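Novice: Supplied structure: work07.cif, mmCIF, C-alpha atoms.
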```
data_target
loop_
_atom_site.label_atom_id
_atom_site.label_comp_id
_atom_site.auth_asym_id
_atom_site.auth_seq_id
_atom_site.Cartn_x
_atom_site.Cartn_y
_atom_site.Cartn_z
CA MET N 220 119.65 30.99 74.20
CA LEU N 221 117.23 33.72 73.20
CA GLU N 222 116.88 36.58 75.65
CA MET N 223 114.08 39.11 75.81
CA THR N 224 114.07 42.15 78.07
CA ILE N 225 111.56 44.89 78.74
CA ASN N 226 112.81 48.27 79.84
CA GLU N 227 110.56 48.59 82.88
CA LYS N 228 110.82 52.36 83.07
CA ALA N 229 109.79 52.72 79.43
CA CYS N 230 106.79 50.31 79.62
CA ARG N 231 103.51 52.27 79.50
CA GLY N 232 101.39 49.24 80.35
CA CYS N 233 99.38 49.27 77.11
CA ARG N 234 99.57 45.46 76.78
CA LEU N 235 99.82 45.66 72.98
CA CYS N 236 102.72 43.17 73.16
CA GLN N 237 100.41 40.72 74.90
CA ASP N 238 97.83 41.26 72.14
CA VAL N 239 100.19 40.54 69.27
CA CYS N 240 102.39 37.80 70.78
CA PRO N 241 101.50 34.53 69.03
CA THR N 242 103.05 32.38 71.76
CA GLU N 243 101.94 34.08 75.00
CA CYS N 244 105.33 35.12 76.33
CA PHE N 245 104.10 38.05 78.42
CA ALA N 246 102.31 38.57 81.71
CA TYR N 247 100.65 41.73 82.99
CA GLU N 248 101.23 42.82 86.56
CA ALA N 249 98.22 44.74 87.76
CA ALA N 250 100.06 46.18 90.77
CA THR N 251 102.79 47.90 88.77
CA LYS N 252 100.68 48.32 85.60
CA LYS N 253 103.60 46.92 83.61
CA VAL N 254 104.13 43.88 81.41
CA THR N 255 106.89 41.37 82.17
CA VAL N 256 108.42 38.50 80.23
CA ALA N 257 106.77 35.39 81.72
CA VAL N 258 107.90 32.50 79.50
CA VAL N 259 110.86 33.44 77.35
CA GLU N 260 111.13 29.82 76.16
CA ASN N 261 107.94 30.36 74.15
CA CYS N 262 109.44 33.19 72.12
CA ILE N 263 109.87 32.42 68.43
CA GLY N 264 111.68 35.71 67.75
CA CYS N 265 109.06 37.10 65.36
CA LEU N 266 109.72 40.57 66.83
CA SER N 267 106.04 41.57 66.48
CA CYS N 268 106.11 42.85 70.06
CA ALA N 269 109.25 44.92 69.47
CA TYR N 270 107.58 46.59 66.48
CA ILE N 271 104.21 47.28 68.11
CA CYS N 272 105.67 48.57 71.40
CA PRO N 273 105.03 52.34 71.42
CA SER N 274 108.09 52.98 73.57
CA GLY N 275 110.53 50.67 71.82
CA ALA N 276 111.00 49.09 75.25
CA ILE N 277 111.32 45.43 74.20
CA ALA N 278 114.73 44.12 73.17
CA HIS N 279 115.72 40.67 71.90
CA ARG N 280 119.17 39.13 71.97
CA ASN N 281 120.55 35.95 70.45
CA HIS N 282 117.52 35.51 68.23
CA HIS N 283 117.68 34.16 64.71
CA VAL N 284 117.88 37.21 62.49
CA VAL N 285 115.86 36.94 59.33
CA LYS N 286 117.60 39.12 56.82
CA ASN N 287 115.30 41.76 55.59
CA PHE N 288 115.94 42.56 51.94
CA TYR N 289 113.29 45.23 51.82
CA ARG N 290 114.82 48.10 53.76
CA ASN N 291 115.10 51.81 53.29
CA ILE N 292 118.55 52.14 51.79
CA GLU N 293 118.66 55.93 52.34
CA PHE N 294 118.40 55.47 56.08
CA SER N 295 120.31 52.22 56.43
CA MET N 296 123.42 53.95 55.09
CA ARG N 297 123.18 56.53 57.88
CA MET N 298 121.86 54.44 60.77
CA GLU N 299 125.19 53.86 62.55
CA LYS N 300 125.92 57.58 62.55
CA PHE N 301 122.96 58.53 64.75
CA LEU N 302 123.99 59.97 68.14
CA MET J 152 144.62 78.83 73.27
CA SER J 153 145.91 75.45 74.23
CA GLY J 154 147.16 73.31 71.37
CA ASP J 155 145.75 70.05 72.66
CA LYS J 156 142.23 71.27 73.07
CA ILE J 157 139.66 70.05 70.60
CA ARG J 158 138.77 72.82 68.16
CA LEU J 159 135.05 73.39 67.56
CA ASN J 160 133.29 75.31 64.81
CA THR J 161 129.57 75.84 64.75
CA GLU J 162 127.53 77.40 61.97
CA TRP J 163 123.83 77.96 61.43
CA LEU J 164 122.14 77.57 58.10
CA CYS J 165 118.38 77.91 57.61
CA ASP J 166 117.05 77.49 61.14
CA CYS J 167 115.52 79.40 64.05
CA GLY J 168 118.70 79.59 66.13
CA GLY J 169 117.20 77.37 68.82
CA CYS J 170 119.89 74.72 68.39
CA HIS J 171 122.55 77.23 69.38
CA VAL J 172 120.46 78.16 72.41
CA ALA J 173 120.34 74.45 73.25
CA LEU J 174 124.16 74.44 73.34
CA VAL J 175 124.06 77.21 75.95
CA ASP J 176 121.40 75.19 77.78
CA LEU J 177 124.19 72.86 78.83
CA HIS J 178 124.39 75.34 81.76
CA GLU J 179 127.22 74.46 84.16
CA LYS J 180 128.10 71.44 82.06
CA ILE J 181 129.34 73.80 79.35
CA LEU J 182 132.29 74.59 81.64
CA LYS J 183 133.17 70.89 81.61
CA VAL J 184 132.98 70.82 77.83
CA LEU J 185 135.14 73.95 77.61
CA GLU J 186 137.88 72.25 79.67
CA SER J 187 138.69 70.19 76.59
CA VAL J 188 137.17 72.25 73.77
CA THR J 189 138.08 75.57 72.20
CA ILE J 190 135.34 77.34 70.26
CA LEU J 191 136.83 78.94 67.15
CA LYS J 192 133.70 79.88 65.25
CA CYS J 193 130.22 80.23 66.63
CA PRO J 194 127.79 82.79 65.20
CA VAL J 195 126.39 83.72 68.61
CA LEU J 196 129.76 83.98 70.39
CA THR J 197 132.56 84.87 68.00
CA ASP J 198 132.97 87.42 65.24
CA GLU J 199 134.69 84.92 62.98
CA LYS J 200 133.59 85.33 59.37
CA ASN J 201 135.91 82.68 57.93
CA TYR J 202 136.01 78.96 58.53
CA PRO J 203 139.08 78.11 60.62
CA ALA J 204 140.39 74.52 60.56
CA ALA J 205 138.70 72.56 63.36
CA ASP J 206 138.22 69.03 64.68
CA ILE J 207 134.47 69.12 65.20
CA GLY J 208 131.98 71.11 63.14
CA ILE J 209 128.41 71.48 64.32
CA LEU J 210 125.98 72.43 61.56
CA THR J 211 122.44 73.44 62.44
CA GLY J 212 119.65 74.16 59.97
CA SER J 213 118.98 72.96 56.47
CA VAL J 214 120.18 74.23 53.10
CA ARG J 215 117.61 76.76 51.86
CA THR J 216 119.66 79.59 50.34
CA GLU J 217 122.80 79.82 48.26
CA HIS J 218 124.68 81.08 51.31
CA ASP J 219 123.62 77.97 53.27
CA ARG J 220 125.12 75.77 50.59
CA HIS J 221 128.38 77.75 50.58
CA ALA J 222 128.63 77.64 54.38
CA ALA J 223 127.99 73.88 54.50
CA ILE J 224 130.68 73.19 51.89
CA GLU J 225 133.21 75.43 53.67
CA MET J 226 132.48 73.75 57.02
CA ARG J 227 133.02 70.32 55.44
CA LYS J 228 136.35 71.46 53.96
CA ASN J 229 137.63 72.75 57.29
CA CYS J 230 136.24 70.36 59.90
CA LYS J 231 137.33 66.76 60.43
CA THR J 232 134.01 65.61 61.90
CA ILE J 233 130.69 67.14 60.88
CA ILE J 234 127.65 66.74 63.12
CA ALA J 235 124.24 67.38 61.57
CA PHE J 236 122.73 69.00 64.65
CA GLY J 237 119.00 69.32 65.12
CA THR J 238 116.01 68.19 63.10
CA CYS J 239 116.46 70.80 60.32
CA ALA J 240 120.00 69.62 59.61
CA VAL J 241 119.08 65.94 59.74
CA TYR J 242 115.65 65.87 58.09
CA GLY J 243 115.10 69.36 56.62
CA GLY J 244 112.87 70.47 59.49
CA LEU J 245 109.64 72.45 59.52
CA HIS J 246 110.52 74.52 56.47
CA GLY J 247 110.37 71.22 54.56
CA ALA J 248 106.69 72.15 54.26
CA GLY J 249 107.93 74.78 51.79
CA LEU J 250 108.25 71.93 49.30
CA ALA J 251 104.49 71.99 48.95
CA HIS J 252 104.71 75.48 47.40
CA SER J 253 106.65 77.01 44.51
CA ARG J 254 109.51 79.42 45.10
CA GLU J 255 107.44 82.21 43.52
CA GLU J 256 104.53 81.59 45.87
CA ILE J 257 106.84 81.77 48.88
CA MET J 258 108.64 84.95 47.70
CA ASP J 259 105.32 86.63 46.89
CA HIS J 260 103.85 85.74 50.23
CA VAL J 261 106.86 86.90 52.24
CA TYR J 262 107.83 90.08 50.37
CA ARG J 263 104.78 91.26 48.48
CA GLN J 264 101.57 90.14 50.15
CA SER J 265 102.65 89.88 53.74
CA PRO J 266 99.91 91.55 55.80
CA THR J 267 102.48 93.00 58.20
CA THR J 268 104.69 94.89 55.72
CA ARG J 269 104.07 97.74 53.30
CA THR J 270 106.89 97.07 50.85
CA ASP J 271 106.06 95.56 47.52
CA PHE J 272 109.31 94.51 45.86
CA LEU J 273 111.50 91.45 45.80
CA PRO J 274 114.97 92.12 47.24
CA ASN J 275 117.75 91.57 44.72
CA ASN J 276 120.75 92.28 46.90
CA SER J 277 121.75 91.83 50.57
CA VAL J 278 119.58 88.71 50.77
CA SER J 279 120.97 85.37 49.65
CA SER J 280 118.94 83.78 46.85
CA LEU J 281 116.43 81.12 47.76
CA GLU J 282 117.23 77.67 46.39
CA LYS J 283 114.60 75.61 44.61
CA MET J 284 114.34 73.00 47.34
CA VAL J 285 114.71 72.58 51.09
CA THR J 286 117.66 70.21 51.43
CA PRO J 287 118.89 68.36 54.52
CA ILE J 288 122.64 68.96 54.72
CA ASP J 289 123.64 65.35 54.00
CA GLU J 290 122.46 65.78 50.42
CA VAL J 291 124.99 68.58 49.98
CA ILE J 292 127.99 67.38 52.02
CA ASP J 293 129.10 64.17 53.77
CA VAL J 294 127.90 64.05 57.37
CA ASP J 295 129.70 62.03 60.03
CA LEU J 296 127.14 62.10 62.84
CA TYR J 297 123.47 62.93 63.21
CA LEU J 298 121.83 64.38 66.29
CA PRO J 299 118.13 65.04 65.63
CA GLY J 300 115.90 67.00 68.02
CA CYS J 301 114.14 70.37 67.91
CA PRO J 302 116.39 71.22 69.56
CA PRO J 303 118.18 68.13 70.92
CA HIS J 304 117.90 68.06 74.73
CA PRO J 305 121.19 69.13 76.41
CA HIS J 306 121.33 65.65 77.96
CA PHE J 307 121.94 64.17 74.48
CA ILE J 308 124.21 67.04 73.39
CA PHE J 309 126.47 66.51 76.41
CA GLU J 310 126.50 62.75 75.93
CA GLY J 311 127.29 63.12 72.22
CA LEU J 312 130.03 65.72 72.72
CA SER J 313 131.68 63.92 75.65
CA ALA J 314 131.65 60.63 73.71
CA LEU J 315 133.39 62.38 70.82
CA ILE J 316 135.95 64.01 73.13
CA GLU J 317 136.64 60.77 75.01
CA GLN J 318 136.58 58.79 71.74
CA ARG J 319 133.99 56.26 72.88
CA SER J 320 130.60 55.22 71.55
CA PRO J 321 127.79 57.46 72.79
CA LYS J 322 124.89 55.98 74.75
CA ALA J 323 122.25 56.78 72.16
CA GLY J 324 118.93 55.14 72.94
CA LYS J 325 116.59 54.08 70.17
CA GLU J 326 113.50 54.47 72.32
CA SER J 327 110.55 56.64 71.44
CA VAL J 328 109.07 59.62 73.26
CA CYS J 329 106.56 57.23 74.93
CA ALA J 330 109.47 55.72 76.85
CA GLY J 331 109.89 58.99 78.74
CA CYS J 332 106.18 59.82 79.09
CA ARG J 333 104.49 59.21 82.44
CA ARG J 334 100.94 58.72 81.11
CA THR J 335 99.43 55.25 81.30
CA MET J 336 98.30 53.64 78.07
CA VAL J 337 94.99 51.93 78.65
CA LYS J 338 92.34 50.44 76.41
CA THR J 339 89.30 52.69 76.25
CA GLU J 340 85.92 52.98 74.54
CA ALA J 341 86.89 56.23 72.74
CA ASP J 342 85.34 56.13 69.28
CA THR J 343 86.17 59.47 67.68
CA ILE J 344 89.38 61.35 66.94
CA LYS J 345 89.43 64.60 68.89
CA GLU J 346 91.24 67.85 68.25
CA ILE J 347 93.40 68.94 71.17
CA THR J 348 91.11 71.95 71.63
CA GLU J 349 88.12 69.66 72.31
CA GLY J 350 87.60 68.90 75.97
CA VAL J 351 90.30 68.58 78.61
CA PRO J 352 92.50 65.51 78.27
CA ASP J 353 92.96 63.39 81.39
CA LYS J 354 96.40 64.02 82.90
CA GLU J 355 97.21 60.42 83.75
CA THR J 356 96.06 58.69 80.57
CA CYS J 357 97.81 58.41 77.21
CA PHE J 358 96.57 60.81 74.51
CA LEU J 359 96.05 57.98 72.03
CA SER J 360 93.81 56.14 74.52
CA GLN J 361 91.67 59.30 74.76
CA GLY J 362 91.32 59.78 71.01
CA TYR J 363 93.87 62.60 70.62
CA ILE J 364 96.56 62.21 67.96
CA CYS J 365 100.01 62.11 69.60
CA GLN J 366 103.19 61.28 67.73
CA GLY J 367 105.10 60.07 70.78
CA SER J 368 105.19 56.45 69.66
CA VAL J 369 106.67 57.27 66.25
CA THR J 370 109.18 59.88 67.41
CA LEU J 371 112.74 59.27 68.50
CA ASP J 372 113.37 60.40 72.07
CA ARG J 373 115.91 63.19 71.89
CA CYS J 374 113.89 65.47 74.17
CA LEU J 375 113.08 63.51 77.38
CA ALA J 376 109.35 63.87 76.61
CA PRO J 377 108.54 67.34 77.99
CA CYS J 378 105.39 67.91 75.91
CA PRO J 379 103.21 64.88 76.79
CA ASN J 380 104.28 65.21 80.41
CA HIS J 381 102.97 68.79 80.41
CA GLY J 382 99.66 68.21 78.69
CA VAL J 383 100.63 68.72 75.04
CA PRO J 384 100.58 65.80 72.56
CA CYS J 385 103.90 65.09 70.83
CA SER J 386 104.21 66.81 67.44
CA GLY J 387 107.11 64.65 66.30
CA CYS J 388 109.74 67.38 66.32
CA ALA J 389 112.74 65.06 66.79
CA GLY J 390 111.86 63.08 63.68
CA PRO J 391 110.77 59.47 63.22
CA THR J 392 111.91 56.39 65.14
CA MET J 393 114.44 53.97 63.70
CA GLN J 394 111.76 51.46 62.69
CA VAL J 395 109.81 54.05 60.72
CA LEU J 396 113.04 55.04 58.98
CA THR J 397 114.29 51.51 58.23
CA GLU J 398 111.12 49.78 57.09
CA PRO J 399 109.62 51.17 53.87
CA THR J 400 106.19 49.76 54.68
CA ARG J 401 106.05 51.22 58.19
CA ASP J 402 105.16 54.81 58.41
CA ILE J 403 104.06 57.50 60.85
CA ARG J 404 100.41 57.07 59.88
CA THR J 405 100.36 53.26 59.82
CA GLU J 406 102.15 52.92 63.14
CA ILE J 407 99.89 55.41 64.94
CA GLY J 408 96.89 53.78 63.24
CA GLN J 409 97.87 50.31 64.46
CA ARG J 410 98.38 51.38 68.05
CA MET J 411 95.42 53.71 68.30
CA SER J 412 93.01 51.18 66.78
CA ARG J 413 94.12 48.60 69.35
CA LEU J 414 93.83 51.03 72.26
CA THR J 415 90.48 52.54 71.30
CA LYS J 416 87.35 51.68 69.31
CA ILE J 417 88.49 53.93 66.44
CA PRO J 418 89.07 51.79 63.31
CA TYR J 419 92.57 51.67 61.78
CA ASP J 420 91.43 53.19 58.49
CA THR J 421 89.78 56.15 60.23
CA VAL J 422 93.05 57.01 61.99
CA LYS J 423 95.09 56.49 58.82
CA ASP J 424 92.74 58.67 56.73
CA HIS J 425 92.82 61.40 59.38
CA LEU J 426 96.62 61.41 59.36
CA GLU J 427 96.72 61.52 55.56
CA ARG J 428 94.29 64.46 55.52
CA THR J 429 96.54 66.33 57.95
CA ALA J 430 99.79 65.05 56.44
CA LYS J 431 101.44 68.48 56.14
CA THR J 432 101.21 68.77 59.92
CA GLN J 433 102.02 65.17 60.77
CA TYR J 434 105.07 64.92 58.49
CA ALA J 435 106.14 68.55 58.86
CA TYR J 436 109.53 67.93 60.42
CA ALA J 437 110.82 65.12 58.25
CA MET J 438 109.25 65.29 54.83
CA ALA J 439 112.17 67.05 53.14
CA THR J 440 114.48 64.09 53.67
CA LYS J 441 114.69 61.24 51.18
CA MET J 442 114.51 58.86 54.12
CA ILE J 443 110.81 59.77 54.36
CA GLY J 444 110.13 61.48 51.02
CA ASN J 445 111.25 58.48 48.97
CA LYS J 446 109.22 55.92 50.88
CA PRO J 447 106.98 54.08 48.41
CA THR J 448 103.99 54.59 50.72
CA PHE J 449 104.55 58.32 51.30
CA LEU J 450 102.15 59.99 48.88
CA ILE J 451 101.81 63.50 50.27
CA ARG J 452 100.98 65.18 46.96
CA LYS J 453 98.16 62.71 46.40
CA TRP J 454 96.85 63.25 49.94
CA ILE J 455 96.93 67.04 49.55
CA ALA J 456 95.14 66.80 46.19
CA GLU J 457 92.51 64.50 47.73
CA GLY J 458 92.07 66.92 50.61
CA GLU J 459 91.53 69.84 48.23
CA ALA J 460 89.06 67.82 46.15
CA ARG J 461 86.91 67.08 49.21
#
```
Please re-express this file's structure in C-alpha cells.
Specialist:
Amino acid sequence: MLEMTINEKACRGCRLCQDVCPTECFAYEAATKKVTVAVVENCIGCLSCAYICPSGAIAHRNHHVVKNFYRNIEFSMRMEKFL
Amino acid sequence: MSGDKIRLNTEWLCDCGGCHVALVDLHEKILKVLESVTILKCPVLTDEKNYPAADIGILTGSVRTEHDRHAAIEMRKNCKTIIAFGTCAVYGGLHGAGLAHSREEIMDHVYRQSPTTRTDFLPNNSVSSLEKMVTPIDEVIDVDLYLPGCPPHPHFIFEGLSALIEQRSPKAGKESVCAGCRRTMVKTEADTIKEITEGVPDKETCFLSQGYICQGSVTLDRCLAPCPNHGVPCSGCAGPTMQVLTEPTRDIRTEIGQRMSRLTKIPYDTVKDHLERTAKTQYAYAMATKMIGNKPTFLIRKWIAEGEAR
C-alpha cells in the first residue's frame, strides 16, 4: 500500500503540490496554512509533488519505482556518503 | 592519552578557517565529543606539523595550491575515515569562481595590481604555488563522508561525529533550507524580479513570493535556515539539494524558475534568464565540482559570454 507523508513543520503552505498533482491527493487547511494528504488512494506515485516541493517535505513509501536511467553518475556514486 | 579513544586529525586546505570555528561552536557539546575523541592534529589547537595515524580525518577547504594537494594525500594515507567537511571541501566552494579567470589574471590581481598593496612582484618562495584549477578534494583523494555547509551548523557536526563514534547511521535530512524557514509561501501578483536592495521585504512572506531571488528551495539544509529567518535571502552556501545533484535536467535555475513562476506573475523564462545572467553569483559555491560543472545543461561560459555581449 502506497504511503505519502508531509513533514508538517517543513510545509510552507505554497500549495504547489496541489497545483501539480494530477489526481487531487491534497487538501489545504486554511487554519494552519498547511497542505495535508487528503486521498492517498488517488496517488499514482508520479512524484511530481515531491520534486516541486520547495522544502522537500513530501515523502512516498511503497510506491512503484520507475528506474531512472538518466542520472548524474558523478553524484550518484557519492550520494550514500552524505552526512 | 587513552588508547581506546578515537583519534582525530583535522587539516585545512584552501578555505577561510570558518569550518574550524564551527567545530569550536559545538560549545559545551565539545566536552561530550572529547570524552571519546583525542585530537592529534588540528591547525588551530596543536603544533603538529606531521600527519599522525588517526581514525577520523576532517579535511576542510578545497585543493588550490600544491601544498593543499600534499596535505590531502598525507591525510588520506594516515586517516582511516576522511570527512570532506564544509562546502569548499565537498564542492570547491566560493573560490570555484576562480575558474572563470586564468591563473595569470588572479596572480596579477592579487600581487601586482591590488589597490591595497604597494609591492609589484610575484612571490617565488614561502608561498605554495597556485594550481591550475580549484579542485574539490574528492578529485584528489578518496573521501568516505561528505558534510557540506558554509560552515555546517554544529547541530549537523555533532550528529555526524556522534554517529561515527557510536557506529550508527547519522540522521541526515535531505530537506532544503525552506524546510527550516518560517516565512509563508503565498501566491502573489509580483511581476518583476527585485534586487534585495530594492524596497523592504515583508518579514512574514517568502522572498520568492515577493519577487526576490532566494536559493532556499534549491539548497540542502545544513544550516537550520538562519539567513531567511533574519531577513536575508539564501545564497545557497551549503550547496544544492539532492534532486538538483541527481537529475541532470534539474538545475538551480530551472527549479527556482518553476517555483517562482508558479508563485508570482513572473514568467519562467524571465527568472531563468535572470539566473543565467547572474550565474557566477548563483552557482558560486558549487560550480567547481563535476557534479554541477559536468551537467549537460550547465553552460556558464556561454552565459558569461552572452552577458558580456549584451
Novice: Separation of CA of Arg401 in chain J and CA of Ala439 in chain J, in Å?
Specialist: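 Separation of CA of Arg401 in chain J and CA of Ala439 in chain J: 17.7 Å.
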Novice: Care to translate the PyMOL selection byres ((chain N) within 6 of (chain J)) into actual residues of this file, as a PyMOL selection string?
Specialist: chain N and resi 229+231-233+273-275+290-291+293-294+300-302
Novice: Can you turn the PyMOL selection byres ((chain J and resi 238) around 10) into a concrete residue list for this file, as a PyMOL selection string?
Specialist: chain J and resi 166+170+211-213+235-237+239-245+287+297-303+388-390+436-437
Novice: Could you tell me which residues the PyMOL selection byres ((chain J and resi 231) around 12) grabs in this file, written as a PyMOL selection string?
Specialist: chain J and resi 157-160+203-209+225-230+232-234+293-296+315
Novice: At what distance in Å, to one decimal, does CA of Gly382 in chain J lie from CA of Gly350 in chain J?
Specialist: 12.4 Å
Novice: Taking 4 positions as the minimum chain separation for residues in the same chain, which residues sit within 12 Å of range 248-265 of chain N when counting all atoms listed in the file? Answer as number ranges by chain.
Specialist: N: 220-244, 269-272, 276-285; J: 333-337
Novice: If we count all atoms listed in the file, what is near Lys200 in chain J at a cut-off of 12 Å, once residues fewer than 3 positions away on the same chain are taken out, given as a list in words?
Specialist: Asn160, Thr161, Glu162, Leu191, Lys192, Cys193, Pro194, Val195, Leu196, Thr197, Pro203, Ala222, Glu225 and Met226 of chain J
Novice: For Thr216 in chain J, which residue among J:Gln361, J:Thr189, J:Ser280, J:Thr268 is the nearest when counting all atoms listed in the file?
Specialist: J:Ser280
Novice: Counting all atoms listed in the file, what is within 8 Å of Leu177 in chain J, bar same-chain residues fewer than 5 positions away, as JSON, numbers by chain?
Specialist: {"J": [305, 306, 308, 309]}
Novice: Which of these residues is nearest to Ile288 in chain J, using only C-alpha atoms: J:Ile364, J:Ala460, J:Ile224, J:Leu185?
Specialist: J:Ile224
Novice: Rounded to one decimal in Å, what is the spacing between CA of Gly247 in chain J and CA of Thr286 in chain J?
Specialist: 8.0 Å
Novice: Since the input is missing atoms, can you rebuild N, CA and C atoms for range 418-440 of chain J and write them as a PDB file, in the coordinates of the input?
Specialist:
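What follows is the written file rebuild-v4.pdb:
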```pdb
ATOM      1  N   PRO J 418      88.487  52.737  64.279  1.00  0.00           N
ATOM      2  CA  PRO J 418      89.070  51.790  63.310  1.00  0.00           C
ATOM      3  C   PRO J 418      90.391  52.296  62.723  1.00  0.00           C
ATOM      4  N   TYR J 419      91.242  51.362  62.354  1.00  0.00           N
ATOM      5  CA  TYR J 419      92.570  51.670  61.780  1.00  0.00           C
ATOM      6  C   TYR J 419      92.464  52.639  60.609  1.00  0.00           C
ATOM      7  N   ASP J 420      91.531  52.351  59.691  1.00  0.00           N
ATOM      8  CA  ASP J 420      91.430  53.190  58.490  1.00  0.00           C
ATOM      9  C   ASP J 420      91.016  54.630  58.804  1.00  0.00           C
ATOM     10  N   THR J 421      90.199  54.801  59.838  1.00  0.00           N
ATOM     11  CA  THR J 421      89.780  56.150  60.230  1.00  0.00           C
ATOM     12  C   THR J 421      90.991  56.968  60.687  1.00  0.00           C
ATOM     13  N   VAL J 422      91.851  56.318  61.495  1.00  0.00           N
ATOM     14  CA  VAL J 422      93.050  57.010  61.990  1.00  0.00           C
ATOM     15  C   VAL J 422      93.975  57.328  60.817  1.00  0.00           C
ATOM     16  N   LYS J 423      94.178  56.328  59.957  1.00  0.00           N
ATOM     17  CA  LYS J 423      95.090  56.490  58.820  1.00  0.00           C
ATOM     18  C   LYS J 423      94.590  57.623  57.898  1.00  0.00           C
ATOM     19  N   ASP J 424      93.301  57.627  57.592  1.00  0.00           N
ATOM     20  CA  ASP J 424      92.740  58.670  56.730  1.00  0.00           C
ATOM     21  C   ASP J 424      92.910  60.055  57.364  1.00  0.00           C
ATOM     22  N   HIS J 425      92.674  60.112  58.678  1.00  0.00           N
ATOM     23  CA  HIS J 425      92.820  61.400  59.380  1.00  0.00           C
ATOM     24  C   HIS J 425      94.260  61.905  59.257  1.00  0.00           C
ATOM     25  N   LEU J 426      95.215  60.998  59.421  1.00  0.00           N
ATOM     26  CA  LEU J 426      96.620  61.410  59.360  1.00  0.00           C
ATOM     27  C   LEU J 426      97.022  61.798  57.940  1.00  0.00           C
ATOM     28  N   GLU J 427      96.418  61.147  56.951  1.00  0.00           N
ATOM     29  CA  GLU J 427      96.720  61.520  55.560  1.00  0.00           C
ATOM     30  C   GLU J 427      96.130  62.891  55.244  1.00  0.00           C
ATOM     31  N   ARG J 428      94.927  63.155  55.764  1.00  0.00           N
ATOM     32  CA  ARG J 428      94.290  64.460  55.520  1.00  0.00           C
ATOM     33  C   ARG J 428      95.095  65.591  56.139  1.00  0.00           C
ATOM     34  N   THR J 429      95.773  65.287  57.267  1.00  0.00           N
ATOM     35  CA  THR J 429      96.540  66.330  57.950  1.00  0.00           C
ATOM     36  C   THR J 429      98.043  66.101  57.774  1.00  0.00           C
ATOM     37  N   ALA J 430      98.403  65.497  56.629  1.00  0.00           N
ATOM     38  CA  ALA J 430      99.790  65.050  56.440  1.00  0.00           C
ATOM     39  C   ALA J 430     100.817  66.177  56.553  1.00  0.00           C
ATOM     40  N   LYS J 431     100.449  67.386  56.091  1.00  0.00           N
ATOM     41  CA  LYS J 431     101.440  68.480  56.140  1.00  0.00           C
ATOM     42  C   LYS J 431     101.821  68.790  57.581  1.00  0.00           C
ATOM     43  N   THR J 432     100.897  68.574  58.499  1.00  0.00           N
ATOM     44  CA  THR J 432     101.210  68.770  59.920  1.00  0.00           C
ATOM     45  C   THR J 432     101.957  67.562  60.474  1.00  0.00           C
ATOM     46  N   GLN J 433     101.463  66.384  60.160  1.00  0.00           N
ATOM     47  CA  GLN J 433     102.020  65.170  60.770  1.00  0.00           C
ATOM     48  C   GLN J 433     103.462  64.898  60.303  1.00  0.00           C
ATOM     49  N   TYR J 434     103.741  65.222  59.039  1.00  0.00           N
ATOM     50  CA  TYR J 434     105.070  64.920  58.490  1.00  0.00           C
ATOM     51  C   TYR J 434     105.940  66.162  58.410  1.00  0.00           C
ATOM     52  N   ALA J 435     105.496  67.253  59.047  1.00  0.00           N
ATOM     53  CA  ALA J 435     106.140  68.550  58.860  1.00  0.00           C
ATOM     54  C   ALA J 435     107.651  68.503  59.042  1.00  0.00           C
ATOM     55  N   TYR J 436     108.112  67.827  60.076  1.00  0.00           N
ATOM     56  CA  TYR J 436     109.530  67.930  60.420  1.00  0.00           C
ATOM     57  C   TYR J 436     110.441  67.105  59.528  1.00  0.00           C
ATOM     58  N   ALA J 437     109.912  66.067  58.909  1.00  0.00           N
ATOM     59  CA  ALA J 437     110.820  65.120  58.250  1.00  0.00           C
ATOM     60  C   ALA J 437     110.556  64.927  56.767  1.00  0.00           C
ATOM     61  N   MET J 438     109.584  65.675  56.201  1.00  0.00           N
ATOM     62  CA  MET J 438     109.250  65.290  54.830  1.00  0.00           C
ATOM     63  C   MET J 438     110.264  65.741  53.781  1.00  0.00           C
ATOM     64  N   ALA J 439     111.190  66.617  54.134  1.00  0.00           N
ATOM     65  CA  ALA J 439     112.170  67.050  53.140  1.00  0.00           C
ATOM     66  C   ALA J 439     113.275  66.014  52.934  1.00  0.00           C
ATOM     67  N   THR J 440     113.400  65.045  53.830  1.00  0.00           N
ATOM     68  CA  THR J 440     114.480  64.090  53.670  1.00  0.00           C
ATOM     69  C   THR J 440     114.048  62.922  52.793  1.00  0.00           C
TER      70      THR J 440
END
```
